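Notes for the one structure printed next.
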Amino acid sequence: MRRLWTSGVMAVVGLAALGTYSPAQVVADRKIAVRISPLPERVALAETIVTGKVTAIEDKKVEARQFPGAKDKVEFTIAVVKIEDALLNAKGITHVKIGFVEPQAAPGGGPGIRPGRFPQVNLNKDQEGCFLLRPHFEESFLTLPGYDYVLTKKDNPNYEKEMETIKRCAKLLADTDAGLKAKSADDRFQTAGMLLIRYRTPQGANPKEEKVDAKESKLILQGLADGDWSKGFSATELTPMMVFGRLALTDKDGWKPGPFQNYEKEFPEAAKKWLKDNTDGYVIKRFAEETKKEKKE
């Protein structure tokens with residue numbers, strides 16, 4: 001476990017599986033450390049991915065609820081992005097509108113913060129980059145699920161390398177059946193891992209669980225078993241040990257792990273055995289968003 005010190009404040013950083021941090025991402029005045037999700041996780045939770053340029057910031061703001069269940073509305077600023085490359089679910093579209101809540105300056109300077117105390121992106125005219133987006137749950141514009149869901153091209157030496165990862169992951173998600181049946185074991189695992197993250201991340205105020213198709217569930221579990229279990233945990237990529245926990249298994253599912261004398265060795269063995277024994281009988285459940293009708297009621 002690493003520790004970061006900023007202005008005499010110790011920010012304790014969690015396991016690498018929870019993300020990466022840097023001193024610049026710690027808001028000392030608020031005593032918080034900021035998580036950056038691995039790129040494949042961000043791709044998995046995005047519904048639309050594009051590269052492009054912010055061509056305008058609209059003068060008129062839109063009042064809307066920031067998240068399901070919120071009682072009050074906040075002002076969203078709308079950025080218009082001209083699409084250069086439609087990577088996922090944006091074929092035939094030339095522009096997208098992205099709504100964001102403008103960050104407030106942190107006391108004494110430092111990263112901007114949004115209501116909720118977390119750093120937030122601030123889109124600007126002529127900004128170029130990659131935008132990983134989700135539709136607003138009530139309005140017609142798209143949103144950035146987190147401040148790390150936009151990769152700015154300028155002054156980013158890792159941009160091209162990051163884009164290679166995003167493009168590969170977006171391609172796998174564009175045809176998940178092909179990804180789950182790919183010749184490459186890593187492609188099968190990456191597809192399975194992203195689907196598990198997508199399916200097992202609650203969305204909306206009242207998410208409901210429902211079973212996925214049994215054939216798809218089997219392919220996902222097989223893809224997970226085919227991953228490289230020697231990788232342990234990673235701050236930058238998906239690994240089987242990180243993704244397996246998304247299943248949220250209990251003893252009712254036949255999962256009774258430990259105690260382990262050597263966790264790094266024995267946990268993967270136990271997980272792979274469970275997958276081998278349950279691939280045909282266990283069906284993954286997904287969190288399904290409430291329908292618009294349910295939202296109104």
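Convention: chains lettered A, B, ... in structure tokens order; per-chain residue numbering from 1; ligands numbered from 1 as shown.
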ask   = DSSP on the backbone: what in stretch 47-167 of chain A comes out strand (DSSP E or B), as a PyMOL selection string?
value = chain A and resi 48-57+62-65+73-88+95-100+104+113-114+118-119+128-135+142-143+150-152
ask   = What's the 6 Å shell around A:Tyr147, counting only C-alpha atoms, without same-chain residues fewer than 2 positions away, as number ranges by chain?
value = A: 120-121, 149
Name the residues of stretch 45-288 of chain A that fall into helix (DSSP H, G or I) according to DSSP on the backbone, using the chain letters and numbers of this document, as a PDB file with N, CA and C atoms, in the first residue's frame.
ATOM      1  N   LEU A  45     -17.922   1.069 -19.169  1.00  0.00           N
ATOM      2  CA  LEU A  45     -19.036   1.815 -18.595  1.00  0.00           C
ATOM      3  C   LEU A  45     -19.529   2.953 -19.485  1.00  0.00           C
ATOM      4  N   TYR A 147     -14.446  12.539 -14.120  1.00  0.00           N
ATOM      5  CA  TYR A 147     -13.517  13.498 -14.715  1.00  0.00           C
ATOM      6  C   TYR A 147     -12.462  12.807 -15.565  1.00  0.00           C
ATOM      7  N   ASP A 148     -12.217  11.510 -15.307  1.00  0.00           N
ATOM      8  CA  ASP A 148     -11.208  10.779 -16.070  1.00  0.00           C
ATOM      9  C   ASP A 148     -11.788  10.134 -17.327  1.00  0.00           C
ATOM     10  N   TYR A 149     -13.026  10.505 -17.681  1.00  0.00           N
ATOM     11  CA  TYR A 149     -13.644   9.943 -18.890  1.00  0.00           C
ATOM     12  C   TYR A 149     -13.430  10.827 -20.115  1.00  0.00           C
ATOM     13  N   TYR A 159      -1.081   9.912 -24.878  1.00  0.00           N
ATOM     14  CA  TYR A 159      -2.365   9.919 -25.575  1.00  0.00           C
ATOM     15  C   TYR A 159      -2.473   8.816 -26.632  1.00  0.00           C
ATOM     16  N   GLU A 160      -1.465   8.696 -27.490  1.00  0.00           N
ATOM     17  CA  GLU A 160      -1.541   7.710 -28.570  1.00  0.00           C
ATOM     18  C   GLU A 160      -1.593   6.291 -28.017  1.00  0.00           C
ATOM     19  N   LYS A 161      -0.820   6.032 -26.992  1.00  0.00           N
ATOM     20  CA  LYS A 161      -0.826   4.699 -26.382  1.00  0.00           C
ATOM     21  C   LYS A 161      -2.171   4.407 -25.727  1.00  0.00           C
ATOM     22  N   GLU A 162      -2.723   5.413 -25.062  1.00  0.00           N
ATOM     23  CA  GLU A 162      -4.036   5.246 -24.440  1.00  0.00           C
ATOM     24  C   GLU A 162      -5.108   5.017 -25.495  1.00  0.00           C
ATOM     25  N   MET A 163      -4.990   5.704 -26.617  1.00  0.00           N
ATOM     26  CA  MET A 163      -5.973   5.537 -27.683  1.00  0.00           C
ATOM     27  C   MET A 163      -5.910   4.135 -28.286  1.00  0.00           C
ATOM     28  N   GLU A 164      -4.746   3.543 -28.344  1.00  0.00           N
ATOM     29  CA  GLU A 164      -4.633   2.163 -28.830  1.00  0.00           C
ATOM     30  C   GLU A 164      -5.457   1.227 -27.949  1.00  0.00           C
ATOM     31  N   THR A 165      -5.365   1.427 -26.635  1.00  0.00           N
ATOM     32  CA  THR A 165      -6.140   0.603 -25.703  1.00  0.00           C
ATOM     33  C   THR A 165      -7.632   0.842 -25.862  1.00  0.00           C
ATOM     34  N   ILE A 166      -8.028   2.112 -25.966  1.00  0.00           N
ATOM     35  CA  ILE A 166      -9.444   2.437 -26.103  1.00  0.00           C
ATOM     36  C   ILE A 166     -10.021   1.858 -27.393  1.00  0.00           C
ATOM     37  N   LYS A 167      -9.293   1.995 -28.479  1.00  0.00           N
ATOM     38  CA  LYS A 167      -9.787   1.483 -29.759  1.00  0.00           C
ATOM     39  C   LYS A 167      -9.935  -0.033 -29.740  1.00  0.00           C
ATOM     40  N   ARG A 168      -8.974  -0.697 -29.127  1.00  0.00           N
ATOM     41  CA  ARG A 168      -9.051  -2.154 -29.047  1.00  0.00           C
ATOM     42  C   ARG A 168     -10.257  -2.577 -28.212  1.00  0.00           C
ATOM     43  N   CYS A 169     -10.436  -1.942 -27.051  1.00  0.00           N
ATOM     44  CA  CYS A 169     -11.548  -2.291 -26.175  1.00  0.00           C
ATOM     45  C   CYS A 169     -12.891  -1.959 -26.818  1.00  0.00           C
ATOM     46  N   ALA A 170     -12.973  -0.819 -27.495  1.00  0.00           N
ATOM     47  CA  ALA A 170     -14.221  -0.426 -28.160  1.00  0.00           C
ATOM     48  C   ALA A 170     -14.574  -1.413 -29.264  1.00  0.00           C
ATOM     49  N   LYS A 171     -13.569  -1.886 -29.971  1.00  0.00           N
ATOM     50  CA  LYS A 171     -13.803  -2.865 -31.039  1.00  0.00           C
ATOM     51  C   LYS A 171     -14.351  -4.165 -30.467  1.00  0.00           C
ATOM     52  N   LEU A 172     -13.817  -4.597 -29.325  1.00  0.00           N
ATOM     53  CA  LEU A 172     -14.311  -5.820 -28.693  1.00  0.00           C
ATOM     54  C   LEU A 172     -15.755  -5.653 -28.216  1.00  0.00           C
ATOM     55  N   LEU A 173     -16.075  -4.491 -27.677  1.00  0.00           N
ATOM     56  CA  LEU A 173     -17.438  -4.261 -27.189  1.00  0.00           C
ATOM     57  C   LEU A 173     -18.436  -4.066 -28.323  1.00  0.00           C
ATOM     58  N   ALA A 174     -17.947  -3.625 -29.482  1.00  0.00           N
ATOM     59  CA  ALA A 174     -18.845  -3.421 -30.619  1.00  0.00           C
ATOM     60  C   ALA A 174     -19.418  -4.745 -31.117  1.00  0.00           C
ATOM     61  N   THR A 176     -19.482  -8.163 -29.082  1.00  0.00           N
ATOM     62  CA  THR A 176     -19.067  -8.960 -27.925  1.00  0.00           C
ATOM     63  C   THR A 176     -19.104 -10.455 -28.202  1.00  0.00           C
ATOM     64  N   ASP A 177     -20.013 -10.901 -29.060  1.00  0.00           N
ATOM     65  CA  ASP A 177     -20.073 -12.327 -29.379  1.00  0.00           C
ATOM     66  C   ASP A 177     -18.775 -12.778 -30.044  1.00  0.00           C
ATOM     67  N   ALA A 178     -18.294 -11.955 -30.980  1.00  0.00           N
ATOM     68  CA  ALA A 178     -17.028 -12.269 -31.645  1.00  0.00           C
ATOM     69  C   ALA A 178     -15.875 -12.197 -30.658  1.00  0.00           C
ATOM     70  N   GLY A 179     -15.911 -11.202 -29.764  1.00  0.00           N
ATOM     71  CA  GLY A 179     -14.848 -11.059 -28.773  1.00  0.00           C
ATOM     72  C   GLY A 179     -14.790 -12.244 -27.834  1.00  0.00           C
ATOM     73  N   LEU A 180     -15.951 -12.733 -27.393  1.00  0.00           N
ATOM     74  CA  LEU A 180     -15.995 -13.865 -26.472  1.00  0.00           C
ATOM     75  C   LEU A 180     -15.570 -15.174 -27.133  1.00  0.00           C
ATOM     76  N   ALA A 185      -6.849 -15.722 -26.346  1.00  0.00           N
ATOM     77  CA  ALA A 185      -7.361 -15.868 -24.987  1.00  0.00           C
ATOM     78  C   ALA A 185      -7.478 -14.505 -24.309  1.00  0.00           C
ATOM     79  N   ASP A 186      -6.554 -13.603 -24.617  1.00  0.00           N
ATOM     80  CA  ASP A 186      -6.610 -12.277 -23.998  1.00  0.00           C
ATOM     81  C   ASP A 186      -7.799 -11.481 -24.509  1.00  0.00           C
ATOM     82  N   ASP A 187      -8.123 -11.612 -25.805  1.00  0.00           N
ATOM     83  CA  ASP A 187      -9.315 -10.946 -26.336  1.00  0.00           C
ATOM     84  C   ASP A 187     -10.574 -11.492 -25.667  1.00  0.00           C
ATOM     85  N   ARG A 188     -10.622 -12.810 -25.476  1.00  0.00           N
ATOM     86  CA  ARG A 188     -11.784 -13.411 -24.810  1.00  0.00           C
ATOM     87  C   ARG A 188     -11.900 -12.902 -23.382  1.00  0.00           C
ATOM     88  N   PHE A 189     -10.771 -12.826 -22.684  1.00  0.00           N
ATOM     89  CA  PHE A 189     -10.819 -12.333 -21.303  1.00  0.00           C
ATOM     90  C   PHE A 189     -11.203 -10.861 -21.243  1.00  0.00           C
ATOM     91  N   GLN A 190     -10.592 -10.025 -22.092  1.00  0.00           N
ATOM     92  CA  GLN A 190     -10.888  -8.593 -22.057  1.00  0.00           C
ATOM     93  C   GLN A 190     -12.371  -8.336 -22.318  1.00  0.00           C
ATOM     94  N   THR A 191     -12.936  -9.071 -23.270  1.00  0.00           N
ATOM     95  CA  THR A 191     -14.362  -8.917 -23.565  1.00  0.00           C
ATOM     96  C   THR A 191     -15.202  -9.352 -22.375  1.00  0.00           C
ATOM     97  N   ALA A 192     -14.863 -10.498 -21.799  1.00  0.00           N
ATOM     98  CA  ALA A 192     -15.590 -11.007 -20.637  1.00  0.00           C
ATOM     99  C   ALA A 192     -15.471 -10.040 -19.459  1.00  0.00           C
ATOM    100  N   GLY A 193     -14.266  -9.523 -19.240  1.00  0.00           N
ATOM    101  CA  GLY A 193     -14.049  -8.613 -18.128  1.00  0.00           C
ATOM    102  C   GLY A 193     -14.846  -7.334 -18.268  1.00  0.00           C
ATOM    103  N   MET A 194     -14.851  -6.755 -19.456  1.00  0.00           N
ATOM    104  CA  MET A 194     -15.604  -5.517 -19.669  1.00  0.00           C
ATOM    105  C   MET A 194     -17.103  -5.747 -19.536  1.00  0.00           C
ATOM    106  N   LEU A 195     -17.589  -6.901 -20.013  1.00  0.00           N
ATOM    107  CA  LEU A 195     -19.015  -7.190 -19.879  1.00  0.00           C
ATOM    108  C   LEU A 195     -19.399  -7.373 -18.412  1.00  0.00           C
ATOM    109  N   LEU A 196     -18.529  -8.022 -17.642  1.00  0.00           N
ATOM    110  CA  LEU A 196     -18.819  -8.186 -16.220  1.00  0.00           C
ATOM    111  C   LEU A 196     -18.885  -6.838 -15.515  1.00  0.00           C
ATOM    112  N   ILE A 197     -17.961  -5.961 -15.852  1.00  0.00           N
ATOM    113  CA  ILE A 197     -17.982  -4.627 -15.250  1.00  0.00           C
ATOM    114  C   ILE A 197     -19.254  -3.888 -15.651  1.00  0.00           C
ATOM    115  N   ARG A 198     -19.606  -3.978 -16.910  1.00  0.00           N
ATOM    116  CA  ARG A 198     -20.818  -3.299 -17.399  1.00  0.00           C
ATOM    117  C   ARG A 198     -22.062  -3.878 -16.736  1.00  0.00           C
ATOM    118  N   TYR A 199     -22.151  -5.192 -16.665  1.00  0.00           N
ATOM    119  CA  TYR A 199     -23.341  -5.835 -16.122  1.00  0.00           C
ATOM    120  C   TYR A 199     -23.451  -5.699 -14.605  1.00  0.00           C
ATOM    121  N   ALA A 214     -28.140 -17.317 -20.865  1.00  0.00           N
ATOM    122  CA  ALA A 214     -27.328 -18.406 -20.321  1.00  0.00           C
ATOM    123  C   ALA A 214     -26.109 -18.710 -21.192  1.00  0.00           C
ATOM    124  N   LYS A 215     -26.267 -18.632 -22.509  1.00  0.00           N
ATOM    125  CA  LYS A 215     -25.141 -18.914 -23.407  1.00  0.00           C
ATOM    126  C   LYS A 215     -24.068 -17.831 -23.268  1.00  0.00           C
ATOM    127  N   GLU A 216     -24.508 -16.567 -23.169  1.00  0.00           N
ATOM    128  CA  GLU A 216     -23.545 -15.485 -22.997  1.00  0.00           C
ATOM    129  C   GLU A 216     -22.850 -15.606 -21.642  1.00  0.00           C
ATOM    130  N   SER A 217     -23.602 -15.945 -20.602  1.00  0.00           N
ATOM    131  CA  SER A 217     -23.034 -16.111 -19.275  1.00  0.00           C
ATOM    132  C   SER A 217     -21.926 -17.160 -19.300  1.00  0.00           C
ATOM    133  N   LYS A 218     -22.174 -18.267 -19.985  1.00  0.00           N
ATOM    134  CA  LYS A 218     -21.173 -19.336 -20.073  1.00  0.00           C
ATOM    135  C   LYS A 218     -19.907 -18.846 -20.761  1.00  0.00           C
ATOM    136  N   LEU A 219     -20.074 -18.100 -21.844  1.00  0.00           N
ATOM    137  CA  LEU A 219     -18.909 -17.577 -22.568  1.00  0.00           C
ATOM    138  C   LEU A 219     -18.128 -16.576 -21.720  1.00  0.00           C
ATOM    139  N   ILE A 220     -18.833 -15.768 -20.941  1.00  0.00           N
ATOM    140  CA  ILE A 220     -18.160 -14.799 -20.077  1.00  0.00           C
ATOM    141  C   ILE A 220     -17.331 -15.522 -19.017  1.00  0.00           C
ATOM    142  N   LEU A 221     -17.922 -16.533 -18.385  1.00  0.00           N
ATOM    143  CA  LEU A 221     -17.201 -17.277 -17.357  1.00  0.00           C
ATOM    144  C   LEU A 221     -16.011 -18.029 -17.949  1.00  0.00           C
ATOM    145  N   GLN A 222     -16.179 -18.559 -19.150  1.00  0.00           N
ATOM    146  CA  GLN A 222     -15.060 -19.225 -19.818  1.00  0.00           C
ATOM    147  C   GLN A 222     -13.961 -18.230 -20.157  1.00  0.00           C
ATOM    148  N   GLY A 223     -14.363 -17.042 -20.618  1.00  0.00           N
ATOM    149  CA  GLY A 223     -13.381 -16.009 -20.935  1.00  0.00           C
ATOM    150  C   GLY A 223     -12.618 -15.569 -19.702  1.00  0.00           C
ATOM    151  N   LEU A 224     -13.316 -15.479 -18.576  1.00  0.00           N
ATOM    152  CA  LEU A 224     -12.667 -15.119 -17.323  1.00  0.00           C
ATOM    153  C   LEU A 224     -11.651 -16.185 -16.919  1.00  0.00           C
ATOM    154  N   ALA A 225     -12.021 -17.441 -17.073  1.00  0.00           N
ATOM    155  CA  ALA A 225     -11.114 -18.545 -16.737  1.00  0.00           C
ATOM    156  C   ALA A 225      -9.885 -18.553 -17.637  1.00  0.00           C
ATOM    157  N   TRP A 229      -4.100 -15.371 -14.867  1.00  0.00           N
ATOM    158  CA  TRP A 229      -4.302 -15.227 -13.430  1.00  0.00           C
ATOM    159  C   TRP A 229      -3.014 -14.922 -12.678  1.00  0.00           C
ATOM    160  N   SER A 230      -1.885 -14.960 -13.358  1.00  0.00           N
ATOM    161  CA  SER A 230      -0.612 -14.647 -12.702  1.00  0.00           C
ATOM    162  C   SER A 230      -0.431 -13.144 -12.505  1.00  0.00           C
ATOM    163  N   LYS A 231      -1.277 -12.331 -13.141  1.00  0.00           N
ATOM    164  CA  LYS A 231      -1.112 -10.883 -13.089  1.00  0.00           C
ATOM    165  C   LYS A 231      -1.531 -10.262 -11.764  1.00  0.00           C
ATOM    166  N   PRO A 240      -7.906 -11.022 -14.154  1.00  0.00           N
ATOM    167  CA  PRO A 240      -8.941 -11.948 -13.670  1.00  0.00           C
ATOM    168  C   PRO A 240      -9.265 -11.783 -12.189  1.00  0.00           C
ATOM    169  N   MET A 241      -8.223 -11.555 -11.353  1.00  0.00           N
ATOM    170  CA  MET A 241      -8.478 -11.422  -9.920  1.00  0.00           C
ATOM    171  C   MET A 241      -9.316 -10.189  -9.604  1.00  0.00           C
ATOM    172  N   MET A 242      -9.141  -9.120 -10.401  1.00  0.00           N
ATOM    173  CA  MET A 242      -9.932  -7.914 -10.190  1.00  0.00           C
ATOM    174  C   MET A 242     -11.375  -8.122 -10.625  1.00  0.00           C
ATOM    175  N   VAL A 243     -11.551  -8.779 -11.745  1.00  0.00           N
ATOM    176  CA  VAL A 243     -12.881  -8.910 -12.333  1.00  0.00           C
ATOM    177  C   VAL A 243     -13.714  -9.963 -11.626  1.00  0.00           C
ATOM    178  N   PHE A 244     -13.075 -11.030 -11.141  1.00  0.00           N
ATOM    179  CA  PHE A 244     -13.802 -12.128 -10.510  1.00  0.00           C
ATOM    180  C   PHE A 244     -14.676 -11.636  -9.363  1.00  0.00           C
ATOM    181  N   GLY A 245     -14.177 -10.661  -8.606  1.00  0.00           N
ATOM    182  CA  GLY A 245     -14.942 -10.145  -7.479  1.00  0.00           C
ATOM    183  C   GLY A 245     -16.252  -9.510  -7.873  1.00  0.00           C
ATOM    184  N   ARG A 246     -16.371  -9.083  -9.136  1.00  0.00           N
ATOM    185  CA  ARG A 246     -17.619  -8.457  -9.603  1.00  0.00           C
ATOM    186  C   ARG A 246     -18.796  -9.424  -9.554  1.00  0.00           C
ATOM    187  N   LEU A 247     -18.515 -10.715  -9.552  1.00  0.00           N
ATOM    188  CA  LEU A 247     -19.594 -11.693  -9.500  1.00  0.00           C
ATOM    189  C   LEU A 247     -20.325 -11.659  -8.160  1.00  0.00           C
ATOM    190  N   ASP A 251     -21.611 -18.172  -0.361  1.00  0.00           N
ATOM    191  CA  ASP A 251     -21.591 -19.620  -0.136  1.00  0.00           C
ATOM    192  C   ASP A 251     -22.783 -20.312  -0.796  1.00  0.00           C
ATOM    193  N   LYS A 252     -23.864 -19.534  -1.054  1.00  0.00           N
ATOM    194  CA  LYS A 252     -25.010 -20.106  -1.759  1.00  0.00           C
ATOM    195  C   LYS A 252     -24.668 -20.463  -3.196  1.00  0.00           C
ATOM    196  N   ASP A 253     -23.637 -19.797  -3.734  1.00  0.00           N
ATOM    197  CA  ASP A 253     -23.176 -20.090  -5.091  1.00  0.00           C
ATOM    198  C   ASP A 253     -22.071 -21.132  -5.098  1.00  0.00           C
ATOM    199  N   TYR A 263      -2.219 -16.176  -0.373  1.00  0.00           N
ATOM    200  CA  TYR A 263      -3.359 -15.628  -1.109  1.00  0.00           C
ATOM    201  C   TYR A 263      -3.100 -15.547  -2.607  1.00  0.00           C
ATOM    202  N   GLU A 264      -1.944 -15.015  -3.003  1.00  0.00           N
ATOM    203  CA  GLU A 264      -1.656 -14.804  -4.422  1.00  0.00           C
ATOM    204  C   GLU A 264      -1.637 -16.113  -5.201  1.00  0.00           C
ATOM    205  N   LYS A 265      -1.326 -17.209  -4.542  1.00  0.00           N
ATOM    206  CA  LYS A 265      -1.286 -18.506  -5.214  1.00  0.00           C
ATOM    207  C   LYS A 265      -2.601 -19.259  -5.070  1.00  0.00           C
ATOM    208  N   GLU A 266      -3.144 -19.259  -3.864  1.00  0.00           N
ATOM    209  CA  GLU A 266      -4.307 -20.104  -3.581  1.00  0.00           C
ATOM    210  C   GLU A 266      -5.627 -19.492  -4.049  1.00  0.00           C
ATOM    211  N   PHE A 267      -5.742 -18.147  -4.014  1.00  0.00           N
ATOM    212  CA  PHE A 267      -6.996 -17.541  -4.470  1.00  0.00           C
ATOM    213  C   PHE A 267      -7.245 -17.822  -5.948  1.00  0.00           C
ATOM    214  N   PRO A 268      -6.254 -17.588  -6.854  1.00  0.00           N
ATOM    215  CA  PRO A 268      -6.493 -17.912  -8.266  1.00  0.00           C
ATOM    216  C   PRO A 268      -6.869 -19.375  -8.482  1.00  0.00           C
ATOM    217  N   GLU A 269      -6.249 -20.277  -7.731  1.00  0.00           N
ATOM    218  CA  GLU A 269      -6.566 -21.693  -7.878  1.00  0.00           C
ATOM    219  C   GLU A 269      -8.014 -21.972  -7.477  1.00  0.00           C
ATOM    220  N   ALA A 270      -8.449 -21.358  -6.372  1.00  0.00           N
ATOM    221  CA  ALA A 270      -9.828 -21.546  -5.918  1.00  0.00           C
ATOM    222  C   ALA A 270     -10.821 -20.943  -6.904  1.00  0.00           C
ATOM    223  N   ALA A 271     -10.492 -19.765  -7.429  1.00  0.00           N
ATOM    224  CA  ALA A 271     -11.389 -19.095  -8.378  1.00  0.00           C
ATOM    225  C   ALA A 271     -11.503 -19.887  -9.673  1.00  0.00           C
ATOM    226  N   LYS A 272     -10.387 -20.355 -10.179  1.00  0.00           N
ATOM    227  CA  LYS A 272     -10.412 -21.125 -11.424  1.00  0.00           C
ATOM    228  C   LYS A 272     -11.167 -22.449 -11.236  1.00  0.00           C
ATOM    229  N   LYS A 273     -11.032 -23.060 -10.063  1.00  0.00           N
ATOM    230  CA  LYS A 273     -11.776 -24.295  -9.792  1.00  0.00           C
ATOM    231  C   LYS A 273     -13.270 -24.014  -9.765  1.00  0.00           C
ATOM    232  N   TRP A 274     -13.653 -22.878  -9.123  1.00  0.00           N
ATOM    233  CA  TRP A 274     -15.080 -22.542  -9.089  1.00  0.00           C
ATOM    234  C   TRP A 274     -15.603 -22.322 -10.502  1.00  0.00           C
ATOM    235  N   LEU A 275     -14.847 -21.626 -11.315  1.00  0.00           N
ATOM    236  CA  LEU A 275     -15.275 -21.375 -12.698  1.00  0.00           C
ATOM    237  C   LEU A 275     -15.427 -22.690 -13.464  1.00  0.00           C
ATOM    238  N   LYS A 276     -14.484 -23.584 -13.288  1.00  0.00           N
ATOM    239  CA  LYS A 276     -14.546 -24.878 -13.978  1.00  0.00           C
ATOM    240  C   LYS A 276     -15.776 -25.661 -13.551  1.00  0.00           C
ATOM    241  N   ASP A 277     -16.096 -25.613 -12.247  1.00  0.00           N
ATOM    242  CA  ASP A 277     -17.212 -26.410 -11.726  1.00  0.00           C
ATOM    243  C   ASP A 277     -18.574 -25.773 -11.990  1.00  0.00           C
ATOM    244  N   ASN A 278     -18.610 -24.457 -12.264  1.00  0.00           N
ATOM    245  CA  ASN A 278     -19.900 -23.768 -12.323  1.00  0.00           C
ATOM    246  C   ASN A 278     -20.210 -23.077 -13.646  1.00  0.00           C
TER     247      ASN A 278
END
key: Residue with smallest distance to A:Gln127 - pool A:Asp155, A:Asp213, A:Val62, A:Lys71, counting only C-alpha atoms   = A:Asp155
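Across the model, the gap from atom CA of A:Arg286 to atom CA of A:Leu144 is 22.0 Å.
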message = If I take atom CA of A:Ala288 and atom CA of A:Gly204, how far is one from the other in Å, to one decimal?
response =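 Rounded to one decimal, the two atoms are 8.6 Å apart.
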ask   = In Å, with one decimal, what is the gap from atom CA of A:Glu75 to atom CA of A:Lys53?
value = 22.5 Å
ask   = Between A:Lys181, A:Lys82, A:Lys73, A:Lys97, which has the minimum distance to A:Gly129 (counting only C-alpha atoms)?
value =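 Checking each candidate against A:Gly129, we get A:Lys82 as the closest.
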key: Selected residue, from A:Leu238, A:Ile57, A:Ala90, A:Val74, that lies nearest to A:Leu123 when counting only C-alpha atoms   = A:Ile57
